[in-house]
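What follows is a set of notes on a single structure, which appears directly below.
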Amino acid sequence: MQNNLLISVVIPVFNEEESLKKLYSELFRILEPFERWEIIFIDDGSDDNSYSVLMDIADENRRIAVIKFLKNFGKADALSEGFKHSKGDIIITLDADLQDDPSEIPNLIEKIQEGWDLVSGWKKNRQDPLSKRIPSRLFNVVTRLFTGLKIHDFNCGLKAYRRKVINAVNIYGGLHRYIPAMAHQNGFSVTEIEVHHRQREFGQTKFSGNRFFHGFFDLLTMLFTSKYFNRPLHFFGFIGLILFMSGLFVSIYLSIGWFQGIWI
């Protein structure tokens with residue numbers, strides 16, 4: 001493993017005041033063997049004491065940077081801002097709720113150094129209730145079907161990127177879920193590794209059922225802007241062909257009935 005590479009860890013934070021000091025302690029222990037590293041926390045408009053805790057952490061170590069949003073813009077915007085401020089050759093992302101295990105970071109980096117451009121975590125043994133696991137599985141099945149990228153867990157917070165990947169993808173709205181698919185469609189190599197997933201210790205989940213509803217439209221946005229932007233008829237033409245064939249079938253059926261004396 002090359003220790004001279006700069007490792008950037010980008011972490012969006014929203015109302016996670018109780019988990020932050022423990023998270024930093026774990027990250028420091030994992031990152032200390034590396035010669036060059038930085039951690040960038042993005043406080044996404046928290047209304048608890050998360051920002052104060054983060055500033056206390058930053059005062060302890062000059063390698064820690066804190067970015068503050070005045071309101072909650074969402075995970076995609078937080079990641080995008082963190083990417084802009086990061087300087088690393090390899091960029092790691094993880095969530096701030098302690099469910100993503102920081103001890104997986106060396107494994108992600110090792111996989112990147114095998115030659116991959118993006119390595120996504122796979123929470124194979126996910127420690128969440130069925131109300132989260134079942135919709136997530138459906139989401140992943142649909143995303144694999146439409147994008148052609150055969151990984152199991154698109155929405156895992158633990159990921160590793162080469163610098164060139166984050167320079168090439170533009171994320172906003174809810175598109176953070178589709179970064180692996182966007183990277184794949186831009187010609188980057190994408191793989192996944194199994195990662196340890198932990199139960200939530202503090203606070204409450206930010207999960208809401210409507211995010212999967214929104215996620216469907218985000219998927220259409222991602223597909224259209226990346227795959228169909230320069231060939232819009234490949235998207236609209238397919239829909240039009242389906243509607244045309246449906247209308248033609250109904251017209252033929254009704255015409256045959258009319259010639260047979262069936263009143264319409």
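A note on labels: chains of the structure tokens are A, B, ... as shown, every chain counts residues from 1, and ligands are counted from 1 in their shown order.
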
Name the residues in contact with Leu27 (chain A) at a cut-off of 9 Å, using only C-alpha atoms, excluding same-chain residues fewer than 2 positions from it; report them as a short mmCIF file (atom, residue, chain, number, x, y, z; two decimals) with C-alpha atoms, in the first residue's frame.
```
data_model
loop_
_atom_site.label_atom_id
_atom_site.label_comp_id
_atom_site.auth_asym_id
_atom_site.auth_seq_id
_atom_site.Cartn_x
_atom_site.Cartn_y
_atom_site.Cartn_z
CA LYS A 22 -16.48 8.56 18.68
CA LEU A 23 -16.38 8.65 14.88
CA TYR A 24 -13.37 10.98 14.91
CA SER A 25 -11.57 8.77 17.46
CA ARG A 29 -6.79 5.47 14.77
CA ILE A 30 -7.38 4.14 11.24
CA LEU A 31 -5.78 7.05 9.36
CA GLU A 32 -2.77 7.68 11.58
CA ILE A 39 -11.00 14.75 7.06
CA PRO A 102 -14.16 3.25 9.50
CA SER A 103 -11.99 0.13 9.83
CA ILE A 105 -11.12 2.29 4.87
#
```

ask   = Which parts of region 7-153 of chain A does DSSP call alpha helix (DSSP H) when run on the backbone here, written out as number ranges by chain?
value = A: 20-31, 50-60, 75-85, 105-112, 130-147

inquiry  = Give me the residues near region 60-64 of chain A as a VMD selection string, where near means some atom within 10 Å (using only C-alpha atoms) and where sequence neighbours in that chain fewer than 6 positions away do not count.
reply    = chain A and resid 8 to 9 24 28 36 to 41 54

key: Neighbour list for region 152-169 of chain A as a list of chain:residue names, cut-off 6 Å, only C-alpha atoms, skip fewer than 2 positions in-chain   =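 Here the qualifying residues turn out to be A:Asp89, A:Ile90, A:Ile91, A:Ile92, A:Thr93, A:Leu94, A:Asp95, A:Leu108, A:Asp117, A:Leu118, A:Val119, A:Ser120, A:Gly121, A:Trp122, A:Arg177.
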
Atomic separation - CA of Lys71 (chain A) relative to CA of Val13 (chain A), Å =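 Taking CA of Val13 (chain A) as the start and CA of Lys71 (chain A) as the end point, the length is 12.0 Å.
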
Two-atom distance - CA of Asp43 (chain A), CA of Lys68 (chain A) (Å) =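 Value for the CA of Asp43 (chain A)-CA of Lys68 (chain A) distance: 4.9 Å.
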
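From CA of Ile239 (chain A) back to CA of Ser251 (chain A), the distance works out to 18.4 Å.
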
query = Which one is closest to Pro106 (chain A): A:Pro33, A:Gly148, A:Pro12, A:Gly247? Count only C-alpha atoms.
reply = A:Pro33

key: Residue with smallest distance to Phe83 (chain A) - pool A:Leu5, A:Val10, A:Ile151, A:Ile171, counting only C-alpha atoms   =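 Nearest candidate to Phe83 (chain A) out of A:Leu5, A:Val10, A:Ile151, A:Ile171: A:Val10.
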